[in-house]
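Structure file coords_27.json; described as JSON, C-alpha atoms.
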[["chain", "number", "residue", "atom", "x", "y", "z"],
["X", 1, "MET", "CA", 0.00, 0.00, 0.00],
["X", 2, "PRO", "CA", 1.17, 3.62, -0.48],
["X", 3, "VAL", "CA", 3.02, 5.27, 2.40],
["X", 4, "LYS", "CA", 2.17, 8.57, 4.10],
["X", 5, "VAL", "CA", 4.95, 10.24, 6.10],
["X", 6, "LEU", "CA", 4.52, 13.21, 8.46],
["X", 7, "ILE", "CA", 7.54, 15.41, 9.12],
["X", 8, "TYR", "CA", 7.21, 18.32, 11.52],
["X", 9, "GLY", "CA", 9.48, 20.81, 13.22],
["X", 10, "GLU", "CA", 10.04, 24.46, 14.00],
["X", 11, "SER", "CA", 10.75, 26.99, 11.27],
["X", 12, "GLY", "CA", 14.45, 26.75, 10.43],
["X", 13, "SER", "CA", 14.81, 23.19, 11.70],
["X", 14, "GLY", "CA", 15.64, 21.88, 8.22],
["X", 15, "LYS", "CA", 12.40, 20.45, 6.83],
["X", 16, "SER", "CA", 12.62, 21.98, 3.36],
["X", 17, "ALA", "CA", 16.41, 21.60, 3.29],
["X", 18, "SER", "CA", 15.93, 17.85, 3.71],
["X", 19, "LEU", "CA", 14.86, 17.70, 0.04],
["X", 20, "ARG", "CA", 18.31, 18.75, -1.20],
["X", 21, "ASN", "CA", 19.53, 15.32, -2.36],
["X", 22, "PHE", "CA", 16.57, 14.35, -4.54],
["X", 23, "ASP", "CA", 17.06, 14.48, -8.32],
["X", 24, "ASP", "CA", 14.57, 16.40, -10.43],
["X", 25, "LYS", "CA", 13.06, 13.20, -11.86],
["X", 26, "GLU", "CA", 12.53, 11.57, -8.47],
["X", 27, "VAL", "CA", 10.15, 13.91, -6.67],
["X", 28, "ALA", "CA", 7.57, 16.65, -7.15],
["X", 29, "ILE", "CA", 6.83, 19.33, -4.56],
["X", 30, "PHE", "CA", 3.58, 21.11, -3.78],
["X", 31, "ASN", "CA", 4.95, 24.49, -2.69],
["X", 32, "VAL", "CA", 2.18, 25.85, -0.45],
["X", 33, "SER", "CA", 3.95, 29.02, 0.71],
["X", 34, "GLU", "CA", 5.36, 29.75, -2.77],
["X", 35, "LYS", "CA", 8.84, 30.47, -1.45],
["X", 36, "PRO", "CA", 12.20, 29.42, -2.96],
["X", 37, "LEU", "CA", 13.83, 26.24, -1.76],
["X", 38, "PRO", "CA", 16.78, 26.77, 0.63],
["X", 39, "PHE", "CA", 19.34, 25.29, -1.78],
["X", 40, "LYS", "CA", 20.44, 25.90, -5.39],
["X", 41, "LYS", "CA", 19.12, 22.72, -6.99],
["X", 42, "LYS", "CA", 15.84, 23.13, -8.89],
["X", 43, "LEU", "CA", 13.15, 20.53, -8.29],
["X", 44, "PRO", "CA", 9.76, 20.31, -10.05],
["X", 45, "MET", "CA", 7.00, 21.97, -8.09],
["X", 46, "MET", "CA", 3.44, 23.19, -8.19],
["X", 47, "LYS", "CA", 2.79, 26.44, -6.36],
["X", 48, "THR", "CA", -0.62, 26.10, -4.74],
["X", 49, "SER", "CA", -2.23, 26.15, -1.31],
["X", 50, "ASP", "CA", -5.52, 24.66, -2.58],
["X", 51, "MET", "CA", -5.88, 21.35, -0.77],
["X", 52, "LYS", "CA", -8.40, 20.05, -3.30],
["X", 53, "VAL", "CA", -5.97, 20.74, -6.14],
["X", 54, "ILE", "CA", -3.17, 19.00, -4.25],
["X", 55, "ALA", "CA", -5.39, 15.99, -3.51],
["X", 56, "GLN", "CA", -6.37, 15.68, -7.16],
["X", 57, "ALA", "CA", -2.76, 15.92, -8.33],
["X", 58, "ILE", "CA", -1.72, 13.22, -5.86],
["X", 59, "LYS", "CA", -4.51, 10.97, -7.14],
["X", 60, "GLN", "CA", -3.17, 11.41, -10.68],
["X", 61, "ASN", "CA", -0.11, 9.54, -9.37],
["X", 62, "ASP", "CA", 2.21, 10.46, -12.25],
["X", 63, "LEU", "CA", 5.19, 10.05, -9.88],
["X", 64, "ASN", "CA", 5.82, 7.76, -6.92],
["X", 65, "CYS", "CA", 7.23, 10.43, -4.61],
["X", 66, "TYR", "CA", 5.58, 13.72, -3.56],
["X", 67, "VAL", "CA", 6.19, 16.36, -0.90],
["X", 68, "VAL", "CA", 3.60, 18.81, 0.45],
["X", 69, "ASP", "CA", 5.54, 21.75, 1.92],
["X", 70, "ASP", "CA", 4.00, 23.10, 4.19],
["X", 71, "ALA", "CA", 0.76, 21.12, 4.58],
["X", 72, "GLY", "CA", -0.23, 23.00, 7.73],
["X", 73, "LEU", "CA", 0.00, 26.37, 5.99],
["X", 74, "ALA", "CA", -2.60, 25.17, 3.48],
["X", 75, "MET", "CA", -5.09, 25.13, 6.36],
["X", 76, "THR", "CA", -3.95, 28.52, 7.63],
["X", 77, "PHE", "CA", -4.19, 30.17, 4.21],
["X", 78, "TYR", "CA", -7.68, 28.73, 3.73],
["X", 79, "LEU", "CA", -8.89, 30.20, 7.02],
["X", 80, "PHE", "CA", -7.27, 33.58, 6.33],
["X", 81, "GLY", "CA", -9.22, 33.65, 3.06],
["X", 82, "LYS", "CA", -12.44, 33.03, 5.00],
["X", 83, "VAL", "CA", -11.73, 35.43, 7.86],
["X", 84, "ASN", "CA", -14.89, 37.46, 7.19],
["X", 85, "ASP", "CA", -17.15, 34.42, 6.94],
["X", 86, "LYS", "CA", -19.40, 33.91, 9.95],
["X", 87, "GLY", "CA", -20.18, 30.59, 11.58],
["X", 88, "TYR", "CA", -18.38, 27.30, 12.08],
["X", 89, "GLU", "CA", -18.69, 26.00, 8.51],
["X", 90, "LYS", "CA", -15.24, 27.23, 7.44],
["X", 91, "PHE", "CA", -13.60, 25.17, 10.21],
["X", 92, "THR", "CA", -15.53, 22.07, 9.16],
["X", 93, "ASN", "CA", -14.55, 22.63, 5.53],
["X", 94, "VAL", "CA", -10.85, 23.16, 6.23],
["X", 95, "ALA", "CA", -10.74, 20.02, 8.38],
["X", 96, "LYS", "CA", -12.46, 17.98, 5.67],
["X", 97, "ASP", "CA", -10.23, 19.32, 2.87],
["X", 98, "PHE", "CA", -7.12, 18.59, 4.92],
["X", 99, "TYR", "CA", -8.30, 15.08, 5.78],
["X", 100, "ASP", "CA", -9.22, 14.41, 2.14],
["X", 101, "MET", "CA", -5.78, 15.62, 1.00],
["X", 102, "ILE", "CA", -4.06, 13.12, 3.27],
["X", 103, "ARG", "CA", -6.40, 10.27, 2.36],
["X", 104, "ALA", "CA", -5.86, 10.97, -1.35],
["X", 105, "VAL", "CA", -2.61, 9.03, -0.95],
["X", 106, "ASP", "CA", -4.62, 5.85, -0.39],
["X", 107, "SER", "CA", -5.61, 5.78, -4.07],
["X", 108, "CYS", "CA", -1.98, 5.81, -5.27],
["X", 109, "SER", "CA", 0.19, 2.92, -6.41],
["X", 110, "ASP", "CA", 1.72, 0.70, -3.74],
["X", 111, "ASP", "CA", 5.21, 2.16, -4.28],
["X", 112, "THR", "CA", 4.14, 5.80, -3.81],
["X", 113, "ILE", "CA", 5.36, 7.79, -0.81],
["X", 114, "VAL", "CA", 3.93, 11.22, 0.05],
["X", 115, "TYR", "CA", 5.66, 13.41, 2.63],
["X", 116, "PHE", "CA", 3.62, 16.01, 4.50],
["X", 117, "LEU", "CA", 5.86, 18.71, 6.01],
["X", 118, "MET", "CA", 4.39, 20.79, 8.83],
["X", 119, "HIS", "CA", 5.40, 23.18, 11.59],
["X", 120, "SER", "CA", 5.45, 22.04, 15.21],
["X", 121, "ASP", "CA", 3.31, 23.13, 18.12],
["X", 122, "ARG", "CA", 4.13, 22.82, 21.82],
["X", 123, "SER", "CA", 1.41, 22.36, 24.44],
["X", 124, "GLU", "CA", 0.93, 25.14, 26.99],
["X", 125, "ASP", "CA", 2.61, 23.15, 29.74],
["X", 126, "GLY", "CA", 5.47, 22.16, 27.43],
["X", 127, "SER", "CA", 4.84, 18.45, 27.92],
["X", 128, "LYS", "CA", 4.07, 17.63, 24.28],
["X", 129, "VAL", "CA", 5.38, 18.69, 20.86],
["X", 130, "LYS", "CA", 3.28, 17.75, 17.85],
["X", 131, "ALA", "CA", 2.38, 18.89, 14.34],
["X", 132, "LYS", "CA", 0.66, 22.29, 14.24],
["X", 133, "THR", "CA", -2.85, 22.35, 12.78],
["X", 134, "ALA", "CA", -5.45, 25.07, 12.20],
["X", 135, "GLY", "CA", -8.96, 24.76, 13.54],
["X", 136, "LYS", "CA", -10.14, 22.97, 16.67],
["X", 137, "MET", "CA", -12.00, 20.24, 14.79],
["X", 138, "ILE", "CA", -8.81, 18.39, 13.83],
["X", 139, "ASP", "CA", -7.24, 18.64, 17.29],
["X", 140, "SER", "CA", -10.44, 17.76, 19.17],
["X", 141, "GLN", "CA", -11.75, 14.95, 16.96],
["X", 142, "LEU", "CA", -8.70, 13.57, 15.17],
["X", 143, "THR", "CA", -5.22, 12.65, 16.35],
["X", 144, "LEU", "CA", -3.36, 13.66, 13.21],
["X", 145, "GLU", "CA", -0.38, 11.39, 13.84],
["X", 146, "SER", "CA", -2.72, 8.38, 13.95],
["X", 147, "LEU", "CA", -3.06, 8.63, 10.15],
["X", 148, "PHE", "CA", 0.67, 7.97, 9.74],
["X", 149, "THR", "CA", 2.88, 4.97, 10.48],
["X", 150, "ILE", "CA", 5.97, 7.18, 10.11],
["X", 151, "VAL", "CA", 6.26, 10.53, 11.91],
["X", 152, "LEU", "CA", 9.64, 12.29, 12.02],
["X", 153, "HIS", "CA", 10.45, 15.25, 14.24],
["X", 154, "CYS", "CA", 12.87, 17.67, 12.56],
["X", 155, "VAL", "CA", 15.25, 19.27, 15.06],
["X", 156, "THR", "CA", 18.26, 21.58, 15.15],
["X", 157, "ASP", "CA", 20.57, 22.25, 18.08],
["X", 158, "GLY", "CA", 22.27, 25.14, 16.29],
["X", 159, "LYS", "CA", 25.09, 22.96, 15.01],
["X", 160, "ARG", "CA", 23.32, 20.18, 13.15],
["X", 161, "HIS", "CA", 19.90, 19.40, 11.71],
["X", 162, "TYR", "CA", 18.47, 15.94, 12.21],
["X", 163, "PHE", "CA", 15.34, 13.79, 12.39],
["X", 164, "GLN", "CA", 14.12, 12.14, 15.59],
["X", 165, "THR", "CA", 12.52, 8.87, 14.52],
["X", 166, "GLN", "CA", 11.04, 7.71, 17.85],
["X", 167, "SER", "CA", 9.27, 9.55, 20.64],
["X", 168, "ASP", "CA", 11.32, 10.63, 23.63],
["X", 169, "GLY", "CA", 8.13, 11.03, 25.66],
["X", 170, "VAL", "CA", 7.62, 14.61, 24.52],
["X", 171, "THR", "CA", 7.40, 14.37, 20.73],
["X", 172, "THR", "CA", 4.98, 12.28, 18.66],
["X", 173, "ALA", "CA", 7.76, 10.85, 16.47],
["X", 174, "LYS", "CA", 7.39, 7.18, 15.54],
["X", 175, "SER", "CA", 8.55, 4.68, 12.92],
["X", 176, "PRO", "CA", 8.54, 0.90, 12.36],
["X", 177, "MET", "CA", 11.04, -1.21, 14.25],
["X", 178, "ASP", "CA", 14.56, -1.23, 12.80],
["X", 179, "MET", "CA", 13.67, 1.08, 9.89],
["X", 180, "PHE", "CA", 15.81, 4.00, 11.12],
["X", 181, "PRO", "CA", 18.32, 4.82, 13.85],
["X", 182, "LEU", "CA", 16.93, 6.90, 16.71],
["X", 183, "GLU", "CA", 18.45, 10.03, 15.15],
["X", 184, "MET", "CA", 19.54, 10.61, 11.55],
["X", 185, "ASP", "CA", 20.67, 13.45, 9.29],
["X", 186, "ASN", "CA", 17.84, 15.53, 7.84],
["X", 187, "ASP", "CA", 18.22, 13.94, 4.41],
["X", 188, "LEU", "CA", 14.83, 12.98, 3.01],
["X", 189, "LYS", "CA", 16.42, 11.03, 0.15],
["X", 190, "VAL", "CA", 18.08, 8.76, 2.71],
["X", 191, "VAL", "CA", 14.74, 8.44, 4.53],
["X", 192, "ASP", "CA", 12.99, 7.61, 1.26],
["X", 193, "THR", "CA", 15.56, 4.95, 0.37],
["X", 194, "ALA", "CA", 15.26, 3.36, 3.81],
["X", 195, "ILE", "CA", 11.46, 3.20, 3.60],
["X", 196, "ARG", "CA", 11.54, 1.66, 0.13],
["X", 197, "GLU", "CA", 14.11, -0.95, 1.15],
["X", 198, "TYR", "CA", 12.18, -1.78, 4.33],
["X", 199, "TYR", "CA", 8.87, -2.34, 2.50],
["X", 200, "GLY", "CA", 10.36, -3.63, -0.77],
["X", 201, "LEU", "CA", 9.06, -0.70, -2.86],
["X", 202, "ALA", "CA", 10.31, 0.49, -6.23],
["X", 203, "LYS", "CA", 12.89, 3.29, -6.15],
["X", 204, "CYS", "CA", 11.68, 6.88, -6.36],
["X", 205, "GLY", "CA", 11.52, 7.95, -9.99],
["X", 206, "THR", "CA", 10.42, 4.51, -11.18],
["X", 207, "PRO", "CA", 7.51, 4.79, -13.68],
["X", 208, "VAL", "CA", 4.17, 4.32, -11.94],
["X", 209, "GLN", "CA", 2.20, 1.24, -13.00],
["X", 210, "LYS", "CA", -1.08, 2.19, -11.35],
["X", 211, "LYS", "CA", -3.05, 3.09, -14.47],
["X", 212, "GLN", "CA", -2.14, -0.16, -16.19],
["X", 213, "ARG", "CA", -3.05, -2.19, -13.12],
["X", 214, "LYS", "CA", -6.40, -0.44, -12.77],
["X", 215, "THR", "CA", -7.19, -1.12, -16.44],
["X", 216, "ALA", "CA", -6.33, -4.79, -15.95],
["X", 217, "GLU", "CA", -8.60, -4.98, -12.90],
["X", 218, "VAL", "CA", -11.50, -3.41, -14.77],
["X", 219, "THR", "CA", -11.00, -5.76, -17.72],
["X", 220, "THR", "CA", -10.94, -8.76, -15.41],
["X", 221, "MET", "CA", -14.13, -7.65, -13.72],
["X", 222, "LYS", "CA", -15.88, -7.20, -17.08],
["X", 223, "GLU", "CA", -14.87, -10.72, -18.11],
["X", 224, "MET", "CA", -16.26, -12.29, -14.95],
["X", 225, "PRO", "CA", -19.57, -14.14, -15.45],
["X", 226, "GLY", "CA", -22.60, -12.35, -14.11]]
With the file now loaded, output its structure as structure tokens.
Amino acid sequence: MPVKVLIYGESGSGKSASLRNFDDKEVAIFNVSEKPLPFKKKLPMMKTSDMKVIAQAIKQNDLNCYVVDDAGLAMTFYLFGKVNDKGYEKFTNVAKDFYDMIRAVDSCSDDTIVYFLMHSDRSEDGSKVKAKTAGKMIDSQLTLESLFTIVLHCVTDGKRHYFQTQSDGVTTAKSPMDMFPLEMDNDLKVVDTAIREYYGLAKCGTPVQKKQRKTAEVTTMKEMPG
């Protein structure tokens, strides 16, 4: 099945910089904030904060590796655009669009990985650090991290930038047993390679076979006796 990965951290912790070692034929980026990448290499991207557009593009599944940077800002931008709207409907809509964007991955080919980059949020008492969302509906009715098997916390100590791959009791980081070390360099290409080797998935940049497989399934169903 396709893989969803959540990566969160403070601004400047190295989330976007983690894309630096992908080649331009291996990944496509949904650039929500429409800002330049923090390195010289040019990677293919779509500049949009429309979650419905992003969901539809993911479902097209032309590639087997996507990054949504920053997925949380897509919610924020939506609510800013509805600031004059009265009532609770805008919060329901933003929660649904965000949920649908994440679940769009489920329709992709089995070797597709989609990375959702988000900012972090610390609880008032400082006891928990998690991905930052917009709107109370998601926080009150949905534990965002529960939609992901892999959650990486992006951290910097001022000297290095790295991913935490397991919770230390404060973060919501998690990953399958023996997939990663407890800490690793913030290199998303290395992360991607490790995930694909762990699950036996095709390398990023490999042509997607989903459309052919769907056609075969439909043909088989048509040939079945009624």
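For Leu147 in chain X, the set of protein, DNA and RNA residues having any atom at most 12 Å away, when counting all atoms listed in the file and skipping those fewer than 4 positions along the same chain, is X:Val3, X:Lys4, X:Val5, X:Leu6, X:Phe98, X:Tyr99, X:Asp100, X:Met101, X:Ile102, X:Arg103, X:Val105, X:Asp106, X:Phe116, X:Ile138, X:Leu142, X:Thr143, X:Val151, X:Lys174.
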Give the answer as one residue: which of X:Leu37, X:Val190, X:Leu144, X:Ile7 has the shortest atom-to-atom distance to Leu117 in chain X, using all atoms listed in the file?
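When distances to Leu117 in chain X are compared using all atoms listed in the file, the smallest one comes from X:Ile7.
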Just the residues within 7 Å of Asn186 in chain X, please, counting only C-alpha atoms, with nothing from its chain fewer than 3 positions along; format it as a PyMOL selection string.
chain X and resi 14+18+161-163
Near-Asp168 in chain X list (12 Å; all atoms listed in the file; drop same-chain fewer than 3 positions) as a list in words
Ser127, Lys128, Val129, Leu152, His153, Gln164, Thr165, Thr171, Thr172, Ala173, Lys174, Leu182 and Glu183 of chain X
Go ahead and compute the interatomic distance for CA of Cys108 in chain X and CA of Phe30 in chain X, in Å to one decimal.
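Result for CA of Cys108 in chain X versus CA of Phe30 in chain X: 16.3 Å, one decimal.
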Provide the CA of Met118 in chain X to CA of Ala131 in chain X distance in Å, to one decimal place.
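Atom-to-atom, CA of Met118 in chain X to CA of Ala131 in chain X, that is 6.2 Å.
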Can you tell me, as a list of chain:residue names, what residues are no more than 8 Å from range 52-63 of chain X when counting only C-alpha atoms, ignoring any on the same chain fewer than 2 positions away?
X:Glu26, X:Val27, X:Ala28, X:Phe30, X:Thr48, X:Ser49, X:Asp50, X:Cys65, X:Tyr66, X:Asp97, X:Asp100, X:Met101, X:Ile102, X:Ala104, X:Val105, X:Ser107, X:Cys108, X:Ser109, X:Thr112, X:Gly205, X:Thr206, X:Pro207, X:Val208, X:Lys210
